[in-house]
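Novice: Next comes the structure file input07.cif, holding mmCIF, C-alpha atoms and all ligand atoms.
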data_run
loop_
_atom_site.label_atom_id
_atom_site.label_comp_id
_atom_site.auth_asym_id
_atom_site.auth_seq_id
_atom_site.Cartn_x
_atom_site.Cartn_y
_atom_site.Cartn_z
CA MET A 15 111.77 116.56 83.95
CA ILE A 16 110.37 113.04 83.73
CA GLU A 17 109.48 111.37 80.41
CA ILE A 18 107.78 107.97 80.36
CA LYS A 19 107.04 106.55 76.89
CA GLY A 20 105.21 103.34 76.04
CA VAL A 21 106.14 101.63 79.29
CA THR A 22 104.77 98.16 80.03
CA LYS A 23 105.54 95.80 82.92
CA SER A 24 104.28 92.30 83.70
CA TYR A 25 105.11 90.19 86.72
CA ASN A 26 105.71 86.45 86.26
CA GLY A 27 105.07 86.89 82.55
CA SER A 28 101.32 87.18 83.16
CA THR A 29 100.04 89.90 85.57
CA LYS A 30 100.17 93.13 83.56
CA ALA A 31 100.90 95.68 86.30
CA VAL A 32 101.40 98.63 83.91
CA GLU A 33 100.43 98.90 80.26
CA HIS A 34 101.54 101.41 77.58
CA LEU A 35 102.21 104.18 80.04
CA ASP A 36 102.91 107.64 78.59
CA LEU A 37 103.53 110.56 80.96
CA THR A 38 105.60 113.71 80.85
CA VAL A 39 106.20 115.81 83.94
CA PRO A 40 108.00 119.06 83.12
CA LYS A 41 110.12 121.24 85.37
CA GLY A 42 108.19 123.54 87.67
CA GLU A 43 105.39 121.06 88.35
CA ILE A 44 104.08 119.06 91.31
CA PHE A 45 102.54 115.98 89.74
CA GLY A 46 100.21 113.70 91.69
CA PHE A 47 99.92 110.03 90.77
CA LEU A 48 96.58 108.70 91.99
CA GLY A 49 95.00 105.29 91.98
CA PRO A 50 93.37 102.66 94.19
CA ASN A 51 95.27 99.73 95.74
CA GLY A 52 97.01 97.54 93.19
CA ALA A 53 96.60 100.13 90.40
CA GLY A 54 100.29 100.15 89.41
CA LYS A 55 101.61 103.23 91.21
CA THR A 56 104.48 101.56 93.05
CA THR A 57 105.41 99.50 89.98
CA THR A 58 105.66 102.72 87.96
CA ILE A 59 107.76 104.40 90.64
CA LYS A 60 110.05 101.37 90.87
CA MET A 61 110.62 101.55 87.10
CA LEU A 62 111.18 105.32 87.26
CA THR A 63 113.85 104.84 89.91
CA GLY A 64 115.56 101.89 88.19
CA ILE A 65 114.68 99.36 90.93
CA ILE A 66 112.93 97.18 88.35
CA ARG A 67 113.20 97.28 84.55
CA ALA A 68 110.35 98.01 82.20
CA ASP A 69 109.57 95.19 79.74
CA LYS A 70 109.00 97.78 77.03
CA GLY A 71 109.31 101.53 76.59
CA THR A 72 111.71 104.24 77.75
CA ILE A 73 112.06 106.34 80.89
CA ARG A 74 114.20 109.47 80.97
CA ILE A 75 114.93 111.71 83.95
CA ASN A 76 116.31 115.11 82.94
CA GLN A 77 117.00 113.60 79.48
CA VAL A 78 119.00 110.68 80.95
CA ASP A 79 117.70 107.17 80.15
CA ILE A 80 117.37 105.09 83.34
CA ALA A 81 118.07 101.79 81.52
CA GLU A 82 120.98 103.03 79.38
CA ASN A 83 122.72 105.24 81.92
CA PRO A 84 121.42 104.24 85.36
CA LEU A 85 124.14 105.86 87.48
CA GLU A 86 123.82 109.26 85.81
CA ALA A 87 120.00 109.02 85.86
CA LYS A 88 120.04 108.20 89.59
CA LYS A 89 122.03 111.36 90.31
CA GLN A 90 119.12 113.38 88.94
CA PHE A 91 116.52 112.35 91.52
CA GLY A 92 115.84 111.64 95.16
CA TYR A 93 113.47 108.79 96.01
CA VAL A 94 111.39 108.26 99.13
CA PRO A 95 109.95 104.71 99.12
CA ASP A 96 106.57 103.82 100.60
CA SER A 97 108.20 102.06 103.54
CA PRO A 98 110.87 103.96 105.50
CA ASP A 99 111.97 100.91 107.49
CA MET A 100 115.59 100.72 106.44
CA PHE A 101 119.06 100.88 108.00
CA LEU A 102 117.36 100.47 111.36
CA ARG A 103 120.59 99.76 113.23
CA LEU A 104 122.15 103.05 112.19
CA LYS A 105 121.68 106.24 114.14
CA GLY A 106 119.85 108.97 112.24
CA LEU A 107 123.04 110.97 111.83
CA GLU A 108 125.02 107.93 110.63
CA TYR A 109 122.36 107.29 107.97
CA LEU A 110 122.54 110.91 106.79
CA ILE A 111 126.34 110.81 106.60
CA PHE A 112 126.09 107.54 104.64
CA MET A 113 123.67 109.18 102.17
CA ALA A 114 125.91 112.24 101.87
CA ASP A 115 128.91 109.96 101.14
CA ILE A 116 127.05 108.03 98.44
CA TYR A 117 126.04 111.23 96.68
CA GLU A 118 129.46 112.87 97.27
CA VAL A 119 128.12 115.87 99.17
CA PRO A 120 131.16 117.86 100.43
CA LYS A 121 131.69 117.78 104.22
CA GLU A 122 131.06 121.51 104.86
CA VAL A 123 127.89 121.47 102.76
CA ARG A 124 126.48 118.34 104.38
CA ARG A 125 126.87 119.67 107.92
CA GLU A 126 125.00 122.82 107.08
CA ARG A 127 122.24 120.96 105.21
CA ILE A 128 121.79 118.35 107.96
CA GLU A 129 121.44 121.09 110.59
CA LYS A 130 118.98 123.06 108.50
CA LEU A 131 116.82 120.12 107.39
CA ALA A 132 116.81 118.43 110.82
CA ALA A 133 115.65 121.70 112.40
CA ARG A 134 112.93 122.14 109.80
CA PHE A 135 111.58 118.64 110.47
CA ASP A 136 112.04 118.79 114.28
CA MET A 137 114.59 115.96 114.14
CA SER A 138 117.70 117.65 115.62
CA ALA A 139 117.30 116.03 119.05
CA ALA A 140 116.80 112.54 117.59
CA LEU A 141 119.83 112.39 115.27
CA ASN A 142 121.95 110.46 117.76
CA ASP A 143 119.29 107.82 118.41
CA PRO A 144 119.08 104.58 116.38
CA ILE A 145 116.48 104.62 113.60
CA GLN A 146 115.02 101.47 115.18
CA SER A 147 113.78 103.61 118.07
CA TYR A 148 112.01 106.09 115.76
CA SER A 149 108.27 106.22 115.15
CA HIS A 150 107.00 105.63 111.60
CA GLY A 151 106.75 109.38 111.03
CA MET A 152 110.31 109.99 112.30
CA ARG A 153 111.64 107.23 110.02
CA GLN A 154 109.79 108.87 107.14
CA LYS A 155 111.39 112.21 107.99
CA ILE A 156 114.94 110.85 108.22
CA VAL A 157 114.53 109.27 104.76
CA VAL A 158 113.19 112.57 103.38
CA ILE A 159 116.14 114.48 104.88
CA GLY A 160 118.56 111.89 103.42
CA VAL A 161 117.06 112.40 99.97
CA MET A 162 117.24 116.18 100.18
CA LEU A 163 120.88 116.20 101.28
CA HIS A 164 122.26 115.96 97.75
CA ASP A 165 119.70 118.48 96.49
CA PRO A 166 118.40 116.46 93.52
CA SER A 167 116.34 118.36 90.97
CA VAL A 168 113.66 115.64 90.68
CA TRP A 169 111.87 114.31 93.77
CA ILE A 170 110.05 110.97 93.44
CA LEU A 171 107.97 110.27 96.52
CA ASP A 172 105.83 107.18 97.13
CA GLU A 173 103.00 108.10 99.57
CA PRO A 174 105.31 110.58 101.33
CA LEU A 175 102.75 112.09 103.71
CA THR A 176 101.56 108.81 105.25
CA GLY A 177 102.36 108.77 108.96
CA LEU A 178 103.60 112.34 109.16
CA ASP A 179 102.11 114.57 111.85
CA PRO A 180 100.28 117.68 110.60
CA LYS A 181 103.26 119.99 111.15
CA SER A 182 105.73 117.76 109.29
CA SER A 183 103.19 117.14 106.55
CA TYR A 184 102.77 120.91 106.18
CA THR A 185 106.57 121.38 106.08
CA LEU A 186 107.02 118.73 103.39
CA LYS A 187 104.22 120.18 101.25
CA GLU A 188 105.73 123.64 101.66
CA MET A 189 109.13 122.27 100.59
CA MET A 190 107.60 120.57 97.53
CA ARG A 191 106.18 123.93 96.43
CA GLU A 192 109.49 125.73 97.06
CA HIS A 193 111.29 123.02 95.08
CA VAL A 194 109.15 123.39 91.96
CA ASN A 195 109.12 127.17 92.26
CA ALA A 196 112.91 126.96 91.93
CA GLY A 197 112.42 125.19 88.57
CA ASN A 198 112.49 121.56 89.72
CA THR A 199 110.11 118.59 89.49
CA VAL A 200 108.09 116.68 92.11
CA PHE A 201 106.33 113.39 91.30
CA PHE A 202 104.43 111.76 94.14
CA SER A 203 101.84 109.07 94.61
CA THR A 204 98.89 109.38 96.94
CA HIS A 205 95.52 107.85 97.73
CA VAL A 206 94.30 111.09 99.22
CA LEU A 207 92.32 113.24 96.81
CA GLU A 208 92.33 116.24 99.13
CA VAL A 209 96.13 116.34 99.12
CA ALA A 210 96.17 116.12 95.33
CA GLU A 211 93.59 118.87 95.04
CA LYS A 212 95.46 121.30 97.27
CA LEU A 213 98.99 120.54 96.19
CA CYS A 214 99.24 119.28 92.62
CA ASP A 215 99.56 121.30 89.44
CA ARG A 216 98.45 118.20 87.52
CA VAL A 217 97.37 114.67 88.36
CA ALA A 218 97.16 111.34 86.58
CA ILE A 219 94.80 108.54 87.56
CA ILE A 220 95.92 104.99 87.04
CA ASN A 221 93.71 101.94 87.44
CA LYS A 222 94.56 98.32 86.57
CA GLY A 223 97.82 99.52 85.03
CA VAL A 224 96.23 101.97 82.61
CA ILE A 225 96.16 105.78 82.78
CA LEU A 226 92.52 106.89 82.80
CA PHE A 227 93.09 110.60 83.05
CA CYS A 228 95.88 113.20 83.07
CA GLY A 229 95.31 116.92 83.63
CA THR A 230 94.47 119.44 86.36
CA PHE A 231 92.43 118.42 89.37
CA ARG A 232 89.52 120.57 88.21
CA GLU A 233 89.59 118.95 84.75
CA MET A 234 89.60 115.56 86.45
CA GLN A 235 86.47 116.38 88.45
CA GLU A 236 84.70 117.46 85.25
CA HIS A 237 85.90 114.36 83.43
CA PHE A 238 84.57 112.06 86.14
CA LYS A 239 81.25 113.86 86.31
CA LYS A 240 80.71 113.42 82.58
CA ASN A 241 81.83 109.83 82.43
CA GLY A 242 79.44 107.72 84.52
CA SER A 243 81.50 104.56 84.24
CA LEU A 244 84.39 106.30 86.00
CA GLU A 245 82.26 107.59 88.83
CA SER A 246 82.67 104.46 90.93
CA LEU A 247 86.46 104.74 90.71
CA PHE A 248 86.26 108.36 91.76
CA LEU A 249 84.12 107.35 94.74
CA GLU A 250 86.56 104.58 95.59
CA LEU A 251 89.38 107.12 95.66
CA THR A 252 87.30 109.52 97.69
CA ASN A 253 86.45 106.77 100.17
CA ASN A 254 90.15 106.11 100.70
CA GLU A 255 90.60 109.53 102.28
N1 LIG B 1 106.52 91.59 92.94
C1 LIG B 1 105.33 91.37 92.39
N2 LIG B 1 105.03 90.14 91.88
C2 LIG B 1 103.83 89.89 91.31
N3 LIG B 1 102.84 90.81 91.19
C3 LIG B 1 103.07 92.03 91.69
C4 LIG B 1 104.33 92.37 92.33
N4 LIG B 1 104.28 93.69 92.70
C5 LIG B 1 103.04 94.14 92.33
N5 LIG B 1 102.33 93.15 91.74
C6 LIG B 1 100.96 93.29 91.16
O1 LIG B 1 100.98 94.35 90.21
C7 LIG B 1 99.80 95.14 90.32
C8 LIG B 1 100.18 96.59 90.63
O2 LIG B 1 100.73 96.68 91.94
P1 LIG B 1 101.39 98.00 92.55
O3 LIG B 1 102.07 97.62 93.83
O4 LIG B 1 102.21 98.66 91.53
O5 LIG B 1 100.09 98.89 92.86
P2 LIG B 1 99.91 100.23 93.72
O6 LIG B 1 99.07 101.13 92.90
O7 LIG B 1 101.22 100.75 94.18
O8 LIG B 1 99.05 99.72 94.96
P3 LIG B 1 99.03 100.20 96.51
O9 LIG B 1 98.33 101.51 96.51
O10 LIG B 1 98.23 99.12 97.14
O11 LIG B 1 100.45 100.25 97.00
C9 LIG B 1 98.95 94.48 91.38
O12 LIG B 1 98.05 93.62 90.74
C10 LIG B 1 99.94 93.69 92.22
O13 LIG B 1 99.34 92.57 92.81
#
Represent the structure contained in this file as structure tokens.
Specialist:
Amino acid sequence: MIEIKGVTKSYNGSTKAVEHLDLTVPKGEIFGFLGPNGAGKTTTIKMLTGIIRADKGTIRINQVDIAENPLEAKKQFGYVPDSPDMFLRLKGLEYLIFMADIYEVPKEVRRERIEKLAARFDMSAALNDPIQSYSHGMRQKIVVIGVMLHDPSVWILDEPLTGLDPKSSYTLKEMMREHVNAGNTVFFSTHVLEVAEKLCDRVAIINKGVILFCGTFREMQEHFKKNGSLESLFLELTNNE
């Protein structure tokens, strides 16, 4: 479960990237975070994951406050950033072992999980190659596998489907659904309305750091239809597909 209350963040003391954000994502839900470029999605995700601190407000993951108890809070979630270009000199397998070590996944468990997840994402044959040699989609997949290795209950994914081929994208979406069906939480950002429509139980729309809507996709469509001033934003999002 994710609870964001009264969260505000400015950069350089002036640019308000996020203002008075309130959001609760319960267990059992895939939650889509939508918004145009520069809306505040990545800033929110960086605060959720403890990479940057909120100026005001509280963020709790499974009841654990990210500012007060960061280590315990970080054990609750797995995070896939918007850019998977990291640890490029490591081989895929070395990266996964590194992730398993950090999260103290026992040796027998990690081997089984690596085999299973690599097979599911068609990555088994690439595990002994350096990440540097991977395509964008393969880098994305190795990061996703690394996150899933410690089996966190909350997944926080920043544009996770960008660059994935249709089969891997299908696999990841299928895994998101399985994860929430098992009583867990998935929070992900996207520009793509179609993905949100098909996959999310609820969505929020953020623009210029402010939440404009939170509810089901169908409710959102109704909301935008009724509110003419929001129509252009809706079109902007649609045009990003
Ligand atoms: N490190 C930073 N320093 C100063 N301003 C920043 C910084 N990071 C983000 N911003 C500003 O904060 C606002 C929100 O940016 P953010 O990256 O959170 O948006 P986003 O919704 O993730 O956009 P995108 O979809 O383009 O990734 C923007 O106005 C951006 O220019």
Novice: So that I can see what lies close to Arg103 (chain A), please list as a ChimeraX atom specification the residues with an atom at most 8 Å from it, counting all atoms listed in the file and leaving out residues fewer than 6 positions away in the same chain.
Specialist: /A:144-146
Novice: Box for ligand LIG 1 (chain B) - axis-aligned, 8 Å on each of the six sides, all listed atoms - centre and size in Å to one decimal, as AutoDock Vina command-line options.
Specialist:
--center_x 102.3 --center_y 95.7 --center_z 93.7 --size_x 24.5 --size_y 27.6 --size_z 22.9
Novice: Quick one: residues within 7 Å of ligand LIG 1 (chain B), with only C-alpha atoms and all ligand atoms, as a PyMOL selection string?
Specialist: chain A and resi 25-26+29-31+49-58+223
Novice: Enumerate, in order of chain and increasing residue number, the residues of region 162-208 of chain A with an atom no farther than 7 Å from region 73-90 of chain A, each with its shortest atom pair and distance in Å to one decimal, counting all atoms listed in the file, as CSV.
Specialist:
residue,atom,partner,partner_atom,distance
A:Pro166,CA,A:Gln90,CA,5.6
A:Ser167,CA,A:Gln90,CA,6.1
A:Val168,CA,A:Gln90,CA,6.2
Novice: Which of these residues is nearest to Gly20 (chain A), using only C-alpha atoms: A:Pro98, A:Gly151, A:Gly71, A:Pro180?
Specialist: A:Gly71
Novice: Identify, on the basis of all atoms listed in the file, every residue whose closest approach to Asn195 (chain A) does not exceed 10 Å; exclude the query and any residue fewer than 3 positions from it along the same chain; express the result as a PyMOL selection string.
Specialist: chain A and resi 41-44+189-192+198-199
